[in-house]
$ cat final-v9.csv   # CSV, C-alpha atoms
chain,number,residue,atom,x,y,z
H,51,MET,CA,13.9,21.3,-3.7
H,52,ILE,CA,14.6,18.0,-2.1
H,53,GLN,CA,15.9,16.6,-5.4
H,54,GLN,CA,18.1,19.7,-5.8
H,55,PHE,CA,19.5,19.1,-2.3
H,56,ALA,CA,20.1,15.4,-3.0
H,57,ASP,CA,21.9,16.3,-6.2
H,58,TRP,CA,24.0,19.0,-4.5
H,59,LEU,CA,24.9,16.7,-1.6
H,60,ILE,CA,25.9,13.6,-3.6
H,61,TYR,CA,27.4,15.2,-6.8
H,62,ASP,CA,28.8,18.5,-5.5
H,63,VAL,CA,29.7,18.0,-1.8
H,64,PHE,CA,30.7,14.3,-2.1
H,65,GLY,CA,31.9,14.6,-5.7
H,66,LEU,CA,30.4,11.3,-6.9
H,67,ASN,CA,30.0,10.6,-10.6
H,68,ALA,CA,26.3,10.8,-11.6
H,69,ALA,CA,26.9,8.0,-14.2
H,70,GLU,CA,28.0,5.5,-11.5
H,71,ALA,CA,25.6,3.0,-9.9
H,72,PHE,CA,26.7,3.9,-6.4
H,73,ALA,CA,26.0,7.6,-6.9
H,74,GLN,CA,22.6,6.9,-8.3
H,75,SER,CA,21.8,4.7,-5.4
H,76,ALA,CA,23.0,7.3,-2.9
H,77,ASN,CA,21.0,10.0,-4.6
H,78,PHE,CA,17.9,7.9,-4.5
H,79,PHE,CA,18.4,7.1,-0.8
H,80,VAL,CA,18.9,10.8,0.3
H,81,TYR,CA,16.0,12.1,-1.8
H,82,ASP,CA,13.4,9.4,-0.8
H,83,THR,CA,14.4,9.4,2.9
H,84,ILE,CA,13.9,13.2,3.3
H,85,LYS,CA,10.7,13.3,1.2
H,86,ILE,CA,9.1,10.4,3.0
H,87,LEU,CA,10.0,11.6,6.5
H,88,ILE,CA,8.5,15.0,5.8
H,89,LEU,CA,5.3,13.6,4.3
H,90,LEU,CA,5.0,11.0,7.1
H,91,PHE,CA,5.3,13.7,9.9
H,92,CYS,CA,2.7,16.0,8.3
H,93,ILE,CA,0.2,13.2,7.6
H,94,SER,CA,0.8,11.7,11.1
H,95,VAL,CA,-0.1,15.1,12.7
H,96,LEU,CA,-3.3,15.2,10.6
H,97,MET,CA,-4.2,11.6,11.6
H,98,GLY,CA,-3.4,12.4,15.2
H,99,ILE,CA,-6.0,15.2,15.1
H,100,VAL,CA,-8.6,12.8,13.7
H,101,ASN,CA,-7.8,10.1,16.3
H,102,ALA,CA,-7.9,12.6,19.2
H,103,TYR,CA,-11.5,13.5,18.3
H,104,PHE,CA,-12.7,10.0,17.3
H,105,PRO,CA,-11.4,7.4,19.8
H,106,ILE,CA,-11.9,3.7,19.4
H,107,GLU,CA,-14.3,3.6,22.4
H,108,ARG,CA,-16.7,5.9,20.5
H,109,LEU,CA,-16.6,3.8,17.4
H,110,ARG,CA,-17.1,0.6,19.3
H,111,ASN,CA,-20.1,1.9,21.1
H,112,TYR,CA,-21.5,3.5,18.0
H,113,LEU,CA,-21.3,0.3,16.1
H,114,VAL,CA,-22.9,-1.7,18.9
H,115,ASN,CA,-25.8,0.7,19.7
H,116,HIS,CA,-26.9,1.8,16.2
H,117,LYS,CA,-28.6,0.1,13.2
H,118,LEU,CA,-26.4,1.0,10.3
H,119,TYR,CA,-27.8,-1.2,7.6
H,120,GLY,CA,-24.4,-2.3,6.3
H,121,LEU,CA,-22.6,0.9,6.8
H,122,GLN,CA,-20.8,-0.6,9.8
H,123,TYR,CA,-18.4,-2.3,7.4
H,124,PHE,CA,-17.5,1.1,5.9
H,125,PHE,CA,-17.0,2.7,9.3
H,126,ALA,CA,-14.8,-0.2,10.5
H,127,SER,CA,-12.7,-0.1,7.3
H,128,LEU,CA,-12.4,3.7,7.5
H,129,PHE,CA,-11.3,3.5,11.1
H,130,GLY,CA,-8.7,0.9,10.1
H,131,ALA,CA,-7.4,3.3,7.5
H,132,ILE,CA,-6.9,6.2,10.0
H,133,THR,CA,-5.2,4.1,12.7
H,134,PRO,CA,-1.5,3.8,12.5
H,135,PHE,CA,-1.1,0.1,13.0
H,136,CYS,CA,0.6,-2.7,11.1
H,137,SER,CA,-1.0,-6.2,10.9
H,138,CYS,CA,0.6,-7.4,14.1
H,139,SER,CA,-0.2,-4.3,16.2
H,140,SER,CA,-3.8,-4.3,14.8
H,141,ILE,CA,-4.6,-7.6,16.6
H,142,PRO,CA,-5.0,-6.1,20.1
H,143,LEU,CA,-7.6,-3.7,18.7
H,144,PHE,CA,-9.2,-6.7,16.9
H,145,LEU,CA,-9.6,-8.4,20.2
H,146,GLY,CA,-11.1,-5.2,21.7
H,147,PHE,CA,-13.7,-5.1,18.9
H,148,VAL,CA,-14.7,-8.7,19.6
H,149,LYS,CA,-14.7,-8.1,23.3
H,150,GLY,CA,-16.9,-5.0,22.8
H,151,GLY,CA,-19.6,-7.1,21.1
H,152,ILE,CA,-19.0,-5.9,17.5
H,153,PRO,CA,-19.9,-8.6,14.9
H,154,LEU,CA,-17.0,-10.6,13.7
H,155,GLY,CA,-17.5,-9.6,10.0
H,156,VAL,CA,-17.2,-5.9,11.0
H,157,THR,CA,-14.2,-6.7,13.1
H,158,PHE,CA,-12.6,-8.4,10.1
H,159,ALA,CA,-13.2,-5.3,8.0
H,160,TYR,CA,-11.1,-3.3,10.4
H,161,LEU,CA,-8.4,-6.0,10.5
H,162,ILE,CA,-8.1,-6.2,6.7
H,163,THR,CA,-7.9,-2.5,6.1
H,164,SER,CA,-5.7,-1.4,9.0
H,165,PRO,CA,-2.3,-2.7,7.8
H,166,LEU,CA,-3.0,-1.8,4.2
H,167,VAL,CA,-4.0,1.8,4.6
H,168,ASN,CA,-2.5,4.2,7.2
H,169,GLU,CA,-0.6,7.4,7.3
H,170,VAL,CA,2.7,5.7,6.6
H,171,ALA,CA,1.4,4.1,3.5
H,172,VAL,CA,-0.3,7.3,2.3
H,173,ALA,CA,2.7,9.5,2.9
H,174,MET,CA,5.0,7.1,1.1
H,175,PHE,CA,2.6,6.5,-1.8
H,176,ILE,CA,2.1,10.2,-2.4
H,177,GLY,CA,5.9,10.6,-2.6
H,178,ALA,CA,6.4,7.5,-4.8
H,179,PHE,CA,3.4,7.4,-7.1
H,180,GLY,CA,1.5,10.7,-6.8
H,181,VAL,CA,-1.9,11.6,-5.6
H,182,ARG,CA,-4.0,9.8,-8.2
H,183,VAL,CA,-2.5,6.3,-7.5
H,184,THR,CA,-2.6,7.0,-3.8
H,185,VAL,CA,-6.3,7.9,-3.8
H,186,ILE,CA,-7.1,4.8,-5.9
H,187,TYR,CA,-5.0,2.6,-3.5
H,188,VAL,CA,-6.7,4.0,-0.4
H,189,VAL,CA,-10.2,3.6,-1.8
H,190,SER,CA,-9.3,0.1,-2.9
H,191,GLY,CA,-8.0,-0.8,0.5
H,192,ILE,CA,-11.2,0.4,2.2
H,193,VAL,CA,-13.4,-1.4,-0.3
H,194,LEU,CA,-11.3,-4.6,0.2
H,195,GLY,CA,-11.9,-4.4,3.9
H,196,MET,CA,-15.6,-3.8,3.4
H,197,VAL,CA,-16.1,-6.6,1.0
H,198,GLY,CA,-13.9,-9.1,2.9
H,199,GLY,CA,-15.6,-8.3,6.2
H,200,PHE,CA,-19.0,-8.6,4.6
H,201,VAL,CA,-18.2,-12.0,3.1
H,202,LEU,CA,-16.6,-13.3,6.2
H,203,GLY,CA,-19.5,-12.0,8.3
H,204,LYS,CA,-22.0,-13.9,6.2
H,205,MET,CA,-20.1,-17.2,6.7
H,206,LYS,CA,-20.9,-17.2,10.5
H,207,LEU,CA,-17.5,-18.0,11.7
H,208,GLU,CA,-17.8,-17.2,15.4
H,209,ARG,CA,-17.6,-20.8,16.3
H,210,TYR,CA,-14.0,-20.9,15.0
H,211,LEU,CA,-12.8,-18.3,17.6
H,212,THR,CA,-10.6,-19.8,20.3
H,213,ASP,CA,-12.0,-20.7,23.6
H,214,TRP,CA,-9.9,-18.0,25.2
H,215,VAL,CA,-11.7,-15.3,23.2
H,216,LYS,CA,-15.1,-16.9,23.8
H,217,GLN,CA,-14.4,-16.7,27.6
H,218,ILE,CA,-13.5,-13.1,27.3
H,219,GLN,CA,-16.7,-12.4,25.4
H,220,SER,CA,-18.8,-14.1,28.0
H,221,MET,CA,-17.2,-12.1,30.9
H,222,SER,CA,-17.2,-8.7,29.2
H,223,THR,CA,-19.9,-6.1,29.5
H,224,SER,CA,-20.4,-3.0,27.3
H,225,GLU,CA,-19.8,0.2,29.0
H,226,ALA,CA,-20.5,3.7,27.7
H,227,GLY,CA,-17.3,5.5,26.8
H,228,LYS,CA,-16.3,8.7,28.5
H,229,TRP,CA,-14.5,11.3,26.3
H,230,GLU,CA,-13.6,14.0,28.7
H,231,SER,CA,-10.6,14.9,26.6
H,232,GLU,CA,-13.0,16.2,23.9
H,233,HIS,CA,-13.5,19.3,26.0
H,234,THR,CA,-9.7,20.0,25.9
H,235,PRO,CA,-9.0,23.0,23.6
H,236,PHE,CA,-7.3,22.2,20.4
H,237,VAL,CA,-4.3,24.5,21.1
H,238,LYS,CA,-3.6,22.5,24.3
H,239,ARG,CA,-3.9,19.2,22.5
H,240,LEU,CA,-1.6,20.1,19.6
H,241,PRO,CA,1.7,19.6,21.4
H,242,SER,CA,0.8,16.1,22.4
H,243,ILE,CA,-0.4,15.3,18.9
H,244,VAL,CA,2.9,16.6,17.5
H,245,ARG,CA,4.8,14.4,20.0
H,246,GLU,CA,2.8,11.4,18.9
H,247,ALA,CA,3.5,12.1,15.3
H,248,LEU,CA,7.2,12.3,16.1
H,249,GLY,CA,6.9,9.1,18.0
H,250,ILE,CA,5.4,7.4,14.9
H,251,VAL,CA,8.2,8.7,12.7
H,252,ARG,CA,10.8,7.5,15.2
H,253,GLY,CA,9.0,4.1,15.5
H,254,VAL,CA,9.2,3.4,11.7
H,255,LEU,CA,12.5,5.3,11.0
H,256,LEU,CA,14.6,2.1,11.0
H,257,TYR,CA,12.1,0.4,8.6
H,258,ILE,CA,12.1,3.4,6.4
H,259,VAL,CA,15.9,3.5,6.2
H,260,ILE,CA,16.2,-0.3,5.6
H,261,GLY,CA,13.4,-0.2,3.0
H,262,ILE,CA,14.8,2.8,1.1
H,263,GLY,CA,18.3,1.3,1.4
H,264,ILE,CA,17.1,-1.9,-0.3
H,265,GLY,CA,15.2,0.2,-2.9
H,266,ALA,CA,18.3,2.3,-3.5
H,267,PHE,CA,20.5,-0.7,-4.1
H,268,MET,CA,17.9,-2.1,-6.5
H,269,HIS,CA,17.6,1.3,-8.2
H,270,GLY,CA,21.3,1.5,-8.8
H,271,TYR,CA,22.5,-2.1,-9.3
H,272,VAL,CA,19.7,-4.3,-10.6
H,273,PRO,CA,19.8,-4.4,-14.4
H,274,GLU,CA,16.9,-3.0,-16.4
H,275,GLY,CA,14.5,-5.8,-17.4
H,276,PHE,CA,15.6,-8.2,-14.5
H,277,PHE,CA,12.1,-8.2,-12.8
H,278,GLU,CA,10.0,-7.9,-15.9
H,279,GLN,CA,10.9,-11.5,-17.0
H,280,PHE,CA,9.3,-12.8,-13.8
H,281,MET,CA,6.5,-10.3,-13.1
H,282,ALA,CA,5.6,-8.9,-16.5
H,283,LYS,CA,2.1,-8.0,-17.4
H,284,SER,CA,2.1,-10.5,-20.2
H,285,ASN,CA,2.5,-13.3,-17.6
H,286,TRP,CA,-1.1,-14.0,-16.4
H,287,PHE,CA,0.2,-15.9,-13.4
H,288,ALA,CA,2.4,-13.0,-12.2
H,289,VAL,CA,-0.2,-11.6,-9.8
H,290,PRO,CA,-0.9,-14.8,-7.8
H,291,VAL,CA,2.8,-15.7,-7.9
H,292,SER,CA,3.5,-12.3,-6.3
H,293,VAL,CA,1.1,-13.2,-3.4
H,294,LEU,CA,2.9,-16.5,-2.8
H,295,LEU,CA,6.3,-14.8,-2.9
H,296,ALA,CA,5.2,-12.1,-0.4
H,297,VAL,CA,3.6,-14.3,2.3
H,298,PRO,CA,6.9,-15.5,3.9
H,299,VAL,CA,8.1,-11.9,4.0
H,300,TYR,CA,7.1,-9.5,6.8
H,301,ALA,CA,7.4,-5.8,6.7
H,302,ASN,CA,5.2,-2.8,7.2
H,303,ALA,CA,4.5,-0.1,4.6
H,304,ALA,CA,7.6,1.8,5.6
H,305,GLY,CA,9.8,-1.0,4.6
H,306,ILE,CA,8.1,-2.3,1.5
H,307,VAL,CA,6.9,0.9,-0.4
H,308,PRO,CA,10.4,1.9,-1.5
H,309,VAL,CA,10.9,-1.6,-2.9
H,310,VAL,CA,7.6,-1.4,-4.7
H,311,GLU,CA,8.6,2.0,-6.1
H,312,VAL,CA,11.7,0.4,-7.7
H,313,PHE,CA,9.7,-2.5,-9.0
H,314,VAL,CA,7.5,-0.1,-10.9
H,315,ALA,CA,10.5,1.9,-12.1
H,316,LYS,CA,12.0,-1.3,-13.4
H,317,GLY,CA,8.9,-2.1,-15.5
H,318,ILE,CA,6.8,-4.2,-13.2
H,319,PRO,CA,3.1,-3.5,-13.7
H,320,ILE,CA,1.8,-1.4,-10.8
H,321,GLY,CA,-1.0,-3.9,-10.0
H,322,THR,CA,1.4,-6.7,-9.7
H,323,ALA,CA,3.7,-4.6,-7.5
H,324,LEU,CA,0.9,-3.5,-5.3
H,325,VAL,CA,-0.3,-7.1,-4.9
H,326,PHE,CA,3.2,-7.9,-3.6
H,327,MET,CA,3.0,-5.1,-1.1
H,328,MET,CA,-0.5,-5.8,0.1
H,329,SER,CA,0.4,-9.5,0.6
H,330,VAL,CA,3.5,-8.6,2.6
H,331,VAL,CA,1.7,-6.2,5.0
H,332,GLY,CA,-1.6,-8.1,5.1
H,333,LEU,CA,-0.9,-11.8,4.8
H,334,SER,CA,2.3,-12.4,6.6
H,335,LEU,CA,3.3,-15.5,8.5
H,336,PRO,CA,4.0,-13.5,11.7
H,337,GLU,CA,0.4,-12.2,11.5
H,338,ALA,CA,-0.9,-15.7,11.2
H,339,THR,CA,1.1,-16.8,14.3
H,340,LEU,CA,-0.3,-13.9,16.4
H,341,LEU,CA,-3.9,-14.6,15.1
H,342,LYS,CA,-3.6,-18.1,16.4
H,343,LYS,CA,-4.2,-16.7,19.9
H,344,VAL,CA,-7.7,-15.5,18.9
H,345,MET,CA,-8.6,-17.8,16.0
H,346,THR,CA,-8.4,-21.5,15.1
H,347,TRP,CA,-6.3,-22.5,12.1
H,348,ARG,CA,-9.4,-23.1,10.1
H,349,LEU,CA,-10.6,-19.6,10.7
H,350,ILE,CA,-7.1,-18.2,9.9
H,351,GLY,CA,-7.2,-20.2,6.6
H,352,ILE,CA,-10.6,-18.9,5.7
H,353,PHE,CA,-9.6,-15.3,6.5
H,354,PHE,CA,-6.3,-15.5,4.5
H,355,GLY,CA,-8.2,-17.2,1.6
H,356,VAL,CA,-10.8,-14.5,1.3
H,357,VAL,CA,-8.2,-11.8,1.5
H,358,THR,CA,-5.9,-13.5,-1.0
H,359,VAL,CA,-8.7,-13.8,-3.6
H,360,SER,CA,-9.6,-10.1,-3.0
H,361,ILE,CA,-6.0,-8.9,-3.4
H,362,VAL,CA,-5.5,-10.9,-6.6
H,363,ALA,CA,-8.7,-9.5,-8.1
H,364,LEU,CA,-7.5,-6.0,-7.1
H,365,GLY,CA,-4.1,-6.7,-8.8
H,366,TYR,CA,-5.7,-7.6,-12.1
H,367,PHE,CA,-7.9,-4.5,-11.8
H,368,PHE,CA,-5.0,-2.2,-11.2
H,369,ASN,CA,-3.1,-3.7,-14.2
H,370,VAL,CA,-6.1,-3.0,-16.4
H,371,ILE,CA,-6.6,0.7,-15.4
H,372,PHE,CA,-2.9,1.7,-15.2
$ encode --input "final-v9.csv" --output "structure tokens"
Amino acid sequence: MIQQFADWLIYDVFGLNAAEAFAQSANFFVYDTIKILILLFCISVLMGIVNAYFPIERLRNYLVNHKLYGLQYFFASLFGAITPFCSCSSIPLFLGFVKGGIPLGVTFAYLITSPLVNEVAVAMFIGAFGVRVTVIYVVSGIVLGMVGGFVLGKMKLERYLTDWVKQIQSMSTSEAGKWESEHTPFVKRLPSIVREALGIVRGVLLYIVIGIGIGAFMHGYVPEGFFEQFMAKSNWFAVPVSVLLAVPVYANAAGIVPVVEVFVAKGIPIGTALVFMMSVVGLSLPEATLLKKVMTWRLIGIFFGVVTVSIVALGYFFNVIF
């Protein structure tokens, strides 16, 4: 129905020629924008329900007060997946984890997964690549956080936190969380959850429009085969090169998924395209700058190095199975 509406609007109402590049770009823009906004709102409501009944204070206290025999990495990654934060906005929660006494490796598991997997990414992935690719991407993002957090935790890197963080840790005391809101009936909570979902949509609307606009331009004007010569599956170095190209760029999932969608449509292997996206949202220079407040440059380098190796490995894995 959305595609029919886009065709009607562009070709019938505006009378554009379907064979022209501008008409194809406009059609792509209208279709993708409507589809993604609807999906994003629905999934944001669902994630809002989850977040309302599973606040961060509960997770923090649960991880601190229970012996989980390694499952803490899974829970931290899963929580990162259901929280609607980009890499930069995840950092305050990262500090809250450290302050709450959660081990650094578990905290890294959250920090790795949070920007890679969230309702924005899920909604846009379903619309762009379908359920199968989305499920594999989400599972891979969670596993990436678990493995990266476990490896970083075993390296005993606490000494590379900044003095400011160490001071906060020494002054903080764990307090049991109070969740009075859990007793609020669901019917009374739903309006606020819907408002929060609309707020998420409004918050990323500009990024979505810009990202889809770039994707629409590429869809209509970039010649077939342009990207394949640089990022083709036959080029073994295409995956690590994609990481290097992505690091200077900063965007959240709303801005980069439409570009990745066009990459794949132009013939780029999906693993290489996903590596580019993961690196943009999870290894950006702005994130490194913000992390400098809580980590020394050595720790930032180790963190980025472990994540980079993991992302490259995932890229090759995706290229093999797809």
$ atom_distance --input "final-v9.csv" --atom1 "atom CA of H:Leu154" --atom2 "atom CA of H:Leu207"
7.7 Å
$ closest_residue --input "final-v9.csv" --among "H:Leu341, H:Leu294, H:Ala159, H:Leu96" --to "H:Phe326" --atoms "all atoms listed in the file"
H:Leu294
$ closest_residue --input "final-v9.csv" --among "H:Thr157, H:Ser75, H:Ser292, H:Ile84" --to "H:Met51" --atoms "only C-alpha atoms"
H:Ile84
$ closest_residue --input "final-v9.csv" --among "H:Ala171, H:Val309, H:Ile192, H:Ile318" --to "H:Leu90" --atoms "only C-alpha atoms"
H:Ala171
$ atom_distance --input "final-v9.csv" --atom1 "atom CA of H:Leu211" --atom2 "atom CA of H:Thr339"
14.4 Å
$ closest_residue --input "final-v9.csv" --among "H:Ala73, H:Leu248, H:Leu333, H:Leu121" --to "H:Val356" --atoms "only C-alpha atoms"
H:Leu333
$ closest_residue --input "final-v9.csv" --among "H:Gly191, H:Tyr210, H:Ile132, H:Gly203" --to "H:Val95" --atoms "only C-alpha atoms"
H:Ile132
$ closest_residue --input "final-v9.csv" --among "H:Val167, H:Val293, H:Pro241, H:Phe354" --to "H:Ile186" --atoms "only C-alpha atoms"
H:Val167
$ residues_near_point --input "final-v9.csv" --point "(-1.4, 18.5, 19.7)" --cutoff "10 Å" --atoms "only C-alpha atoms" --output "PyMOL selection string"
chain H and resi 95-96+98-99+102+235-247
$ atom_distance --input "final-v9.csv" --atom1 "atom CA of H:Ser329" --atom2 "atom CA of H:Ser190"
14.1 Å
$ residues_around --input "final-v9.csv" --residues "stretch 178-180 of chain H" --least-positions-apart "2" --cutoff "10 Å" --atoms "only C-alpha atoms" --output "list in words"
Asp82, Lys85, Ile86, Val172, Ala173, Met174, Phe175, Ile176, Arg182, Val183, Thr184, Val185, Val307, Pro308, Val310, Glu311, Val312, Val314 and Ile320 of chain H
$ residues_near_point --input "final-v9.csv" --point "(-2.8, -7.7, 7.8)" --cutoff "6 Å" --atoms "only C-alpha atoms" --output "MDAnalysis selection string"
chainID H and resid 137 162 165 331:333
$ write_last_selection --input "final-v9.csv" --atoms "C-alpha atoms" --output "CSV table (one decimal), keeping the file's coordinate frame"
chain,number,residue,atom,x,y,z
H,137,SER,CA,-1.0,-6.2,10.9
H,162,ILE,CA,-8.1,-6.2,6.7
H,165,PRO,CA,-2.3,-2.7,7.8
H,331,VAL,CA,1.7,-6.2,5.0
H,332,GLY,CA,-1.6,-8.1,5.1
H,333,LEU,CA,-0.9,-11.8,4.8
